[in-house]
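Visitor: Structure supplied as my_file-v6.cif; contents: mmCIF, C-alpha atoms (C1' of nucleotides).
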```cif
data_query
#
loop_
_atom_site.label_atom_id
_atom_site.label_comp_id
_atom_site.auth_asym_id
_atom_site.auth_seq_id
_atom_site.Cartn_x
_atom_site.Cartn_y
_atom_site.Cartn_z
CA MET H 4 23.54 -14.39 6.74
CA GLN H 5 24.99 -11.04 7.69
CA GLU H 6 22.50 -8.17 7.88
CA LYS H 7 23.31 -5.56 5.28
CA ILE H 8 24.49 -2.29 6.77
CA ARG H 9 22.54 0.65 5.46
CA ARG H 10 24.50 3.70 4.41
CA PHE H 11 23.31 7.24 4.15
CA SER H 12 22.41 8.36 0.65
CA ARG H 13 21.64 11.94 -0.30
CA LYS H 14 19.53 10.78 -3.19
CA ARG H 15 17.42 8.54 -0.99
CA GLU H 16 16.91 11.50 1.31
CA ALA H 17 15.86 13.67 -1.62
CA ILE H 18 13.36 11.06 -2.79
CA ARG H 19 11.98 10.69 0.71
CA ASN H 20 11.66 14.46 1.09
CA ALA H 21 10.01 14.91 -2.29
CA LEU H 22 7.44 12.31 -1.31
CA ALA H 23 6.93 13.88 2.11
CA MET H 24 6.42 17.31 0.60
CA THR H 25 3.63 16.48 -1.80
CA LYS H 26 0.05 15.49 -1.16
CA THR H 27 -0.40 14.00 -4.63
CA HIS H 28 0.55 10.45 -3.68
CA PRO H 29 2.83 10.22 -6.69
CA ASP H 30 4.31 7.34 -8.64
CA ALA H 31 7.97 6.56 -9.28
CA GLU H 32 8.22 8.68 -12.41
CA TRP H 33 6.74 11.75 -10.75
CA LEU H 34 9.33 11.49 -8.00
CA TYR H 35 12.07 11.01 -10.55
CA CYS H 36 11.06 14.25 -12.26
CA ALA H 37 10.77 16.02 -8.92
CA VAL H 38 14.27 15.11 -7.73
CA LYS H 39 16.03 15.23 -11.10
CA PRO H 40 16.63 19.02 -11.09
CA GLN H 41 18.47 18.76 -7.79
CA PHE H 42 20.45 15.69 -8.90
CA PRO H 43 20.78 15.80 -12.70
CA ASP H 44 22.55 12.44 -12.73
CA LEU H 45 19.69 10.70 -10.94
CA SER H 46 18.65 7.42 -12.47
CA LEU H 47 15.08 6.16 -12.57
CA ALA H 48 16.37 2.84 -11.26
CA THR H 49 17.52 4.57 -8.10
CA VAL H 50 14.03 5.89 -7.51
CA TYR H 51 12.53 2.43 -7.91
CA ARG H 52 15.19 0.84 -5.77
CA ASN H 53 14.75 3.28 -2.91
CA LEU H 54 10.98 3.28 -3.02
CA CYS H 55 11.01 -0.50 -2.84
CA GLU H 56 13.43 -0.48 0.05
CA MET H 57 11.75 2.27 2.05
CA LYS H 58 8.47 0.47 1.59
CA LYS H 59 9.95 -2.76 2.93
CA ASN H 60 11.36 -0.78 5.87
CA GLY H 61 7.97 0.67 6.60
CA GLU H 62 9.22 4.22 6.11
CA ILE H 63 6.72 4.86 3.37
CA GLN H 64 3.65 3.04 2.16
CA SER H 65 2.04 2.12 -1.10
CA VAL H 66 -1.44 3.56 -1.32
CA ALA H 67 -2.85 2.13 -4.53
CA VAL H 68 -2.13 1.15 -8.09
CA PHE H 69 -3.77 3.33 -10.70
CA GLY H 70 -3.32 2.79 -14.42
CA GLY H 71 -0.69 0.17 -13.70
CA ARG H 72 1.44 2.60 -11.69
CA GLU H 73 2.11 2.19 -8.02
CA ARG H 74 1.40 5.27 -5.91
CA PHE H 75 3.16 6.13 -2.69
CA ASP H 76 2.64 8.04 0.52
CA ALA H 77 5.18 9.21 3.06
CA VAL H 78 2.55 9.16 5.80
CA THR H 79 2.38 5.74 7.39
CA GLU H 80 -0.13 6.55 10.13
CA ASN H 81 -3.58 5.11 9.58
CA HIS H 82 -5.64 7.26 7.29
CA SER H 83 -7.93 6.48 4.41
CA HIS H 84 -7.77 7.70 0.84
CA PHE H 85 -10.03 8.74 -1.96
CA ILE H 86 -9.09 7.92 -5.53
CA CYS H 87 -10.80 9.40 -8.55
CA ASP H 88 -11.25 6.60 -11.06
CA LYS H 89 -11.51 9.16 -13.87
CA CYS H 90 -8.32 11.19 -13.45
CA GLY H 91 -6.40 9.11 -10.93
CA LYS H 92 -6.09 11.87 -8.36
CA ILE H 93 -5.57 10.49 -4.87
CA ASP H 94 -6.41 12.49 -1.78
CA ASP H 95 -6.21 11.85 1.90
CA PHE H 96 -9.70 11.22 3.15
CA ASP H 97 -10.13 11.90 6.81
CA ALA H 98 -13.90 12.11 6.83
CA VAL H 99 -14.02 8.47 7.80
CA ASN H 100 -12.32 8.13 11.11
CA HIS H 101 -10.44 4.91 11.67
CA ASP H 102 -7.34 4.17 13.63
CA GLY H 103 -5.23 1.15 14.40
CA SER H 104 -8.00 -0.37 16.51
CA ILE H 105 -9.52 -1.88 13.40
CA ASP H 106 -6.38 -3.99 13.00
CA LYS H 107 -6.75 -5.25 16.56
CA LEU H 108 -10.36 -6.10 15.85
CA ALA H 109 -9.31 -7.98 12.72
CA GLN H 110 -6.63 -9.82 14.68
CA GLU H 111 -9.15 -11.40 17.07
CA ASP H 112 -9.86 -15.01 16.21
CA PHE H 113 -7.46 -14.83 13.26
CA ASP H 114 -4.54 -17.23 13.23
CA GLY H 115 -2.46 -15.19 10.82
CA LYS H 116 -0.82 -11.89 11.59
CA ILE H 117 -2.41 -8.55 10.71
CA VAL H 118 0.20 -5.91 9.93
CA TYR H 119 -1.78 -3.04 8.48
CA HIS H 120 -4.76 -2.27 6.30
CA THR H 121 -5.80 0.05 3.53
CA LEU H 122 -9.17 1.73 3.21
CA VAL H 123 -9.64 3.33 -0.19
CA PHE H 124 -12.77 5.03 -1.42
CA HIS H 125 -13.29 5.04 -5.15
CA GLY H 126 -15.43 7.42 -7.12
CA VAL H 127 -15.32 10.65 -9.10
CA CYS H 128 -13.64 13.78 -7.76
CA PRO H 129 -15.38 17.19 -7.78
CA ASP H 130 -13.35 18.39 -10.77
CA CYS H 131 -14.21 15.42 -12.94
CA LEU H 132 -17.82 15.57 -11.78
CA SER H 133 -18.25 19.12 -13.05
CA LYS H 134 -16.59 18.22 -16.35
CA THR H 135 -18.94 15.24 -16.80
CA ALA H 136 -21.96 17.50 -16.25
CA ASP H 137 -22.88 17.77 -19.92
CA MET Z 26 -22.69 8.26 -30.19
CA GLN Z 27 -24.64 5.02 -30.40
CA GLU Z 28 -24.36 2.78 -27.36
CA LYS Z 29 -22.67 -0.46 -28.30
CA ILE Z 30 -25.00 -3.43 -28.14
CA ARG Z 31 -23.66 -6.19 -25.99
CA ARG Z 32 -23.92 -9.71 -27.35
CA PHE Z 33 -23.90 -12.92 -25.46
CA SER Z 34 -20.58 -14.72 -25.42
CA ARG Z 35 -20.10 -18.22 -24.13
CA LYS Z 36 -16.49 -17.50 -23.34
CA ARG Z 37 -17.38 -14.46 -21.31
CA GLU Z 38 -19.85 -16.61 -19.40
CA ALA Z 39 -17.20 -19.23 -18.79
CA ILE Z 40 -14.77 -16.63 -17.46
CA ARG Z 41 -17.44 -15.15 -15.24
CA ASN Z 42 -18.37 -18.59 -13.92
CA ALA Z 43 -14.78 -19.61 -13.31
CA LEU Z 44 -14.32 -16.45 -11.26
CA ALA Z 45 -17.57 -17.01 -9.39
CA MET Z 46 -16.65 -20.56 -8.54
CA THR Z 47 -13.32 -19.91 -6.89
CA LYS Z 48 -12.49 -18.21 -3.63
CA THR Z 49 -8.87 -17.60 -4.61
CA HIS Z 50 -9.43 -14.11 -6.06
CA PRO Z 51 -7.40 -15.04 -9.10
CA ASP Z 52 -5.58 -13.05 -11.75
CA ALA Z 53 -6.11 -13.09 -15.52
CA GLU Z 54 -3.72 -15.94 -16.17
CA TRP Z 55 -5.28 -18.19 -13.57
CA LEU Z 56 -8.68 -17.68 -15.19
CA TYR Z 57 -7.17 -18.32 -18.61
CA CYS Z 58 -5.86 -21.69 -17.42
CA ALA Z 59 -9.16 -22.47 -15.73
CA VAL Z 60 -11.28 -21.88 -18.81
CA LYS Z 61 -8.81 -23.14 -21.42
CA PRO Z 62 -9.73 -26.87 -21.06
CA GLN Z 63 -13.36 -26.09 -21.83
CA PHE Z 64 -12.44 -23.78 -24.73
CA PRO Z 65 -9.09 -24.89 -26.14
CA ASP Z 66 -9.07 -22.00 -28.59
CA LEU Z 67 -9.40 -19.41 -25.83
CA SER Z 68 -7.01 -16.50 -26.13
CA LEU Z 69 -5.46 -14.73 -23.17
CA ALA Z 70 -6.49 -11.45 -24.76
CA THR Z 71 -10.11 -12.47 -24.44
CA VAL Z 72 -9.69 -13.00 -20.73
CA TYR Z 73 -8.17 -9.55 -20.30
CA ARG Z 74 -10.78 -7.94 -22.51
CA ASN Z 75 -13.71 -9.47 -20.66
CA LEU Z 76 -12.30 -8.87 -17.21
CA CYS Z 77 -11.79 -5.23 -18.10
CA GLU Z 78 -15.29 -4.92 -19.47
CA MET Z 79 -17.05 -6.75 -16.64
CA LYS Z 80 -15.16 -4.60 -14.19
CA LYS Z 81 -16.33 -1.45 -15.93
CA ASN Z 82 -19.88 -2.80 -15.89
CA GLY Z 83 -19.63 -3.42 -12.17
CA GLU Z 84 -20.28 -7.14 -12.63
CA ILE Z 85 -17.00 -8.04 -10.99
CA GLN Z 86 -14.48 -6.10 -8.96
CA SER Z 87 -10.77 -5.76 -8.68
CA VAL Z 88 -9.62 -6.61 -5.18
CA ALA Z 89 -5.93 -5.84 -5.18
CA VAL Z 90 -2.73 -5.92 -7.16
CA PHE Z 91 -0.13 -8.37 -5.92
CA GLY Z 92 3.23 -8.88 -7.57
CA GLY Z 93 2.14 -6.68 -10.44
CA ARG Z 94 -0.92 -8.83 -11.19
CA GLU Z 95 -4.45 -7.61 -10.79
CA ARG Z 96 -6.70 -9.89 -8.75
CA PHE Z 97 -10.45 -10.18 -9.23
CA ASP Z 98 -13.57 -11.10 -7.30
CA ALA Z 99 -17.00 -12.01 -8.63
CA VAL Z 100 -18.59 -10.86 -5.39
CA THR Z 101 -19.38 -7.17 -5.56
CA GLU Z 102 -21.19 -6.85 -2.26
CA ASN Z 103 -19.23 -5.03 0.41
CA HIS Z 104 -16.82 -7.31 2.16
CA SER Z 105 -13.23 -6.88 3.21
CA HIS Z 106 -10.21 -8.95 2.31
CA PHE Z 107 -7.03 -10.26 3.79
CA ILE Z 108 -3.94 -10.55 1.65
CA CYS Z 109 -0.82 -12.42 2.68
CA ASP Z 110 2.16 -10.31 1.67
CA LYS Z 111 4.37 -13.40 1.68
CA CYS Z 112 2.51 -15.78 -0.63
CA GLY Z 113 -0.11 -13.50 -2.16
CA LYS Z 114 -3.07 -15.53 -0.98
CA ILE Z 115 -6.22 -13.42 -0.77
CA ASP Z 116 -9.13 -14.43 1.42
CA ASP Z 117 -12.48 -12.94 2.19
CA PHE Z 118 -12.30 -11.43 5.62
CA ASP Z 119 -15.63 -11.06 7.26
CA ALA Z 120 -14.39 -10.66 10.80
CA VAL Z 121 -14.60 -6.92 10.36
CA ASN Z 122 -18.19 -6.06 9.71
CA HIS Z 123 -18.78 -3.21 7.34
CA ASP Z 124 -21.57 -2.55 4.90
CA GLY Z 125 -22.46 0.17 2.45
CA SER Z 126 -23.12 2.61 5.25
CA ILE Z 127 -19.46 3.55 5.32
CA ASP Z 128 -19.84 4.90 1.79
CA LYS Z 129 -22.78 7.04 2.89
CA LEU Z 130 -20.71 8.32 5.78
CA ALA Z 131 -17.89 9.14 3.41
CA GLN Z 132 -20.28 10.90 1.07
CA GLU Z 133 -21.33 13.45 3.70
CA ASP Z 134 -19.67 16.82 3.17
CA PHE Z 135 -17.82 15.48 0.14
CA ASP Z 136 -18.41 17.25 -3.16
CA GLY Z 137 -17.26 14.32 -5.29
CA LYS Z 138 -19.10 11.06 -5.72
CA ILE Z 139 -18.32 7.97 -3.70
CA VAL Z 140 -18.96 4.79 -5.67
CA TYR Z 141 -17.42 2.06 -3.58
CA HIS Z 142 -14.52 1.31 -1.29
CA THR Z 143 -12.00 -1.40 -0.60
CA LEU Z 144 -10.85 -2.48 2.83
CA VAL Z 145 -7.85 -4.76 2.64
CA PHE Z 146 -5.92 -6.14 5.57
CA HIS Z 147 -2.29 -7.00 4.94
CA GLY Z 148 -0.17 -9.40 6.90
CA VAL Z 149 1.03 -12.97 6.99
CA CYS Z 150 -1.33 -15.92 6.62
CA PRO Z 151 -1.32 -18.87 9.06
CA ASP Z 152 0.49 -21.12 6.56
CA CYS Z 153 3.32 -18.68 5.97
CA LEU Z 154 3.51 -17.91 9.69
CA SER Z 155 4.16 -21.54 10.55
CA LYS Z 156 6.78 -21.82 7.81
CA THR Z 157 8.57 -18.72 9.09
CA ALA Z 158 8.70 -20.18 12.60
CA ASP Z 159 12.34 -21.24 12.36
"C1'" DA A 7 44.43 8.03 2.94
"C1'" DT A 8 43.00 3.08 2.59
"C1'" DT A 9 39.65 -0.17 2.21
"C1'" DA A 10 35.22 -2.73 2.04
"C1'" DT A 11 31.05 -2.61 0.18
"C1'" DA A 12 26.51 -0.08 -0.21
"C1'" DA A 13 24.53 2.81 -3.64
"C1'" DT A 14 24.24 4.28 -8.18
"C1'" DG A 15 23.78 5.05 -13.61
"C1'" DA A 16 23.02 3.13 -17.75
"C1'" DT A 17 20.81 -0.11 -19.95
"C1'" DA A 18 19.18 -4.72 -20.99
"C1'" DA A 19 15.70 -7.94 -19.61
"C1'" DT A 20 11.28 -9.23 -17.88
"C1'" DA A 21 6.52 -9.43 -17.71
"C1'" DA A 22 1.77 -7.72 -17.40
"C1'" DT A 23 -1.35 -5.46 -20.12
"C1'" DT A 24 -3.13 -3.24 -24.33
"C1'" DA A 25 -3.61 -2.39 -29.32
"C1'" DT A 26 -4.07 -4.13 -34.00
"C1'" DC A 27 -6.35 -6.47 -37.49
"C1'" DA A 28 -8.10 -10.25 -40.00
"C1'" DT A 29 -11.49 -13.84 -38.88
"C1'" DT A 30 -15.49 -15.83 -36.46
"C1'" DA A 31 -19.91 -15.92 -34.45
"C1'" DG A 32 -24.33 -13.78 -32.09
"C1'" DG A 33 -28.70 -12.49 -33.21
"C1'" DA A 34 -32.05 -9.54 -35.66
"C1'" DG A 35 -34.74 -9.50 -39.78
"C1'" DC A 36 -36.43 -11.95 -43.57
"C1'" DG G 21 -33.44 -21.99 -42.78
"C1'" DC G 22 -30.34 -17.77 -45.04
"C1'" DT G 23 -28.29 -12.89 -45.07
"C1'" DC G 24 -26.30 -9.17 -43.02
"C1'" DC G 25 -24.23 -6.21 -39.54
"C1'" DT G 26 -20.99 -5.87 -36.26
"C1'" DA G 27 -19.57 -7.54 -31.55
"C1'" DA G 28 -16.32 -10.84 -30.03
"C1'" DT G 29 -12.31 -13.34 -30.77
"C1'" DG G 30 -7.32 -15.34 -31.79
"C1'" DA G 31 -2.87 -14.47 -32.77
"C1'" DT G 32 0.52 -11.55 -32.15
"C1'" DA G 33 2.91 -7.14 -32.09
"C1'" DA G 34 3.48 -3.16 -29.26
"C1'" DT G 35 3.56 -0.79 -25.06
"C1'" DT G 36 5.05 0.12 -20.60
"C1'" DA G 37 6.03 -0.39 -15.66
"C1'" DT G 38 9.29 -2.64 -13.08
"C1'" DT G 39 13.44 -5.47 -12.14
"C1'" DA G 40 18.05 -7.38 -12.98
"C1'" DT G 41 22.85 -6.77 -14.38
"C1'" DC G 42 27.26 -4.94 -13.94
"C1'" DA G 43 30.83 -1.62 -14.03
"C1'" DT G 44 31.56 2.68 -11.47
"C1'" DT G 45 31.05 5.86 -7.54
"C1'" DA G 46 30.38 7.24 -2.85
"C1'" DT G 47 29.91 6.30 2.19
"C1'" DA G 48 32.01 5.57 6.40
"C1'" DA G 49 34.85 2.73 9.35
"C1'" DT G 50 39.81 2.11 10.32
#
```
Could you write out this file's structure as structure tokens?

Guide:
Amino acid sequence: MQEKIRRFSRKREAIRNALAMTKTHPDAEWLYCAVKPQFPDLSLATVYRNLCEMKKNGEIQSVAVFGGRERFDAVTENHSHFICDKCGKIDDFDAVNHDGSIDKLAQEDFDGKIVYHTLVFHGVCPDCLSKTAD
Amino acid sequence: MQEKIRRFSRKREAIRNALAMTKTHPDAEWLYCAVKPQFPDLSLATVYRNLCEMKKNGEIQSVAVFGGRERFDAVTENHSHFICDKCGKIDDFDAVNHDGSIDKLAQEDFDGKIVYHTLVFHGVCPDCLSKTAD
DNA sequence: ATTATAATGATAATAATTATCATTAGGAGC
DNA sequence: GCTCCTAATGATAATTATTATCATTATAAT
């Protein structure tokens, strides 16, 4: 089967850039709203399509699913995340150092193939903590 | 507000046991099918309700979401997982040793509250690898 | 400019999960 | 045992994120 040739798309670029520019690890709808002003004829389906494709290509990664919504990250280098289970905020979490070596370690004595890993800390963020202090 | 008293429920027990007895890290529907023979009047809603509640209580944990379905684990002690991105199989993955100490490490210099973490390796399982070998 | 087809918009379809509400059952008190 | 309160449930409708469909548009090679 012939490999599909990939064409340039200004909307895909805009979606990619919007994702790269935020640290909120947004979902599809957030990105739709972010790019919509620049391309008023943007369709939500296009956002989903491109996110799915860029993810398959390894250009972006899926960080977590919160409240049934998939959340994305333009940074594909190894880094861990913190997710607040109260408000759903997701932050990069570099306090715990871990690089690709953990994948190599996992690969030893394993017959399958390790491609990547996710390390996600769950808890309550500072903001929600102070609100809960009743 | 009065704390809701929790009553015993034989169906909840059956769901919990079905989850404890498998190593497949199943989703709600799988558990529904597993418990249905024992309780023919079981409703899928009951499975969802109890999974949600036991998760909130910390009795079980959610391991990952694959193909839009949430997958559960009765084991709440720290252990990592491997998920095959081809077939969705999820296995315990103890090759990489990590205990609760990583949470303590993460907690240092962090103003929020760390509750737990998930470490999930993604890749292709041995079975799918051999099938792909064309 | 012509042409092939990748990408898109609009929307219908799908599917997992949640909400609703009338009914059933756990368990405390008698 | 029986009564009562209400947690738990079954059946099903509603919600909602995501995916599929298909006619139209845009990319880029010639």

Visitor: Separation of atom CA of Cys109 of chain Z and atom C1' of DA22 of chain A, in Å?

Guide: 20.8 Å

Visitor: With a cut-off of 10 Å, could you pull out the residues of segment 54-148 of chain Z touching segment 31-35 of chain G and give me the nearest pair of atoms for each, distance in Å to one decimal, using all atoms listed in the file, ordered by chain and ascending number, as CSV?

Guide:
```
residue,atom,partner,partner_atom,distance
Z:Ser68,CA,G:DA31,C1',8.1
Z:Leu69,CA,G:DA31,C1',9.9
Z:Ala70,CA,G:DA31,C1',9.3
```

Visitor: Show me a table, sorted first by chain and then by increasing residue number, of the residues of segment 15-94 of chain H having an atom at most 12 Å from segment 39-48 of chain G, each with its shortest atom pair and the distance in Å to one decimal, counting all atoms listed in the file and written as a tab-separated table.

Guide:
```
residue	atom	partner	partner_atom	distance
H:Asp44	CA	G:DT45	C1'	11.9
H:Leu47	CA	G:DT39	C1'	11.8
H:Ala48	CA	G:DT39	C1'	8.9
H:Thr49	CA	G:DT39	C1'	11.6
H:Tyr51	CA	G:DT39	C1'	9.0
H:Arg52	CA	G:DT39	C1'	9.1
H:Cys55	CA	G:DT39	C1'	10.8
```

Visitor: Near chain Z, meaning an atom within 9 Å, which residues of chain G appear when counting all atoms listed in the file? Write them as a PyMOL selection string.

Guide: chain G and resi 27-31+38

Visitor: Suppose we keep C-alpha atoms (C1' of nucleotides); can you now write the selection as a tab-separated table (two decimals), keeping the file's coordinate frame?

Guide:
```tsv
chain	number	residue	atom	x	y	z
G	27	DA	C1'	-19.57	-7.54	-31.55
G	28	DA	C1'	-16.32	-10.84	-30.03
G	29	DT	C1'	-12.31	-13.34	-30.77
G	30	DG	C1'	-7.32	-15.34	-31.79
G	31	DA	C1'	-2.87	-14.47	-32.77
G	38	DT	C1'	9.29	-2.64	-13.08
```

Visitor: Which residue out of H:Tyr119, H:Phe124, H:Phe75, H:Phe113 has the minimum interatomic distance to Thr27 of chain H when all atoms listed in the file are used?

Guide: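 Looking at the shortest contact to Thr27 of chain H, the residue is H:Phe75.
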
Visitor: For the atom pair atom CA of Gly126 of chain H and atom CA of Thr47 of chain Z, what is the interatomic distance in Å to one decimal place?

Guide: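 We find that atom CA of Gly126 of chain H and atom CA of Thr47 of chain Z lie 27.4 Å from each other.
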
Visitor: Of the residues A:DA25, A:DA7, A:DA34, A:DA13, which is the one nearest to chain H, using only C-alpha atoms (C1' of nucleotides)?

Guide: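 Ranking A:DA25, A:DA7, A:DA34, A:DA13 by distance to chain H, first place goes to A:DA13.
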
Visitor: Just need the residues of chain A within 10 Å of chain Z, counting all atoms listed in the file, so spit them out as a ChimeraX atom specification.

Guide: /A:21-24,31-33

Visitor: Report as a PyMOL selection string the set of chain H residues whose atoms approach chain Z to within 9 Å, with distances computed over all atoms listed in the file.

Guide: chain H and resi 67-68+71+85+87+96-99+105-106+108-132

Visitor: Atom CA of Ala45 of chain Z and atom CA of Lys111 of chain Z are how many Å apart?

Guide: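 One can read the atom CA of Ala45 of chain Z to atom CA of Lys111 of chain Z distance as 24.8 Å.
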
Visitor: Around (-5.1, -19.5, -2.3) in the file's frame, which residues reach within 8 Å when counting all atoms listed in the file? Return as a ChimeraX atom specification?

Guide: /Z:48-50,113-116
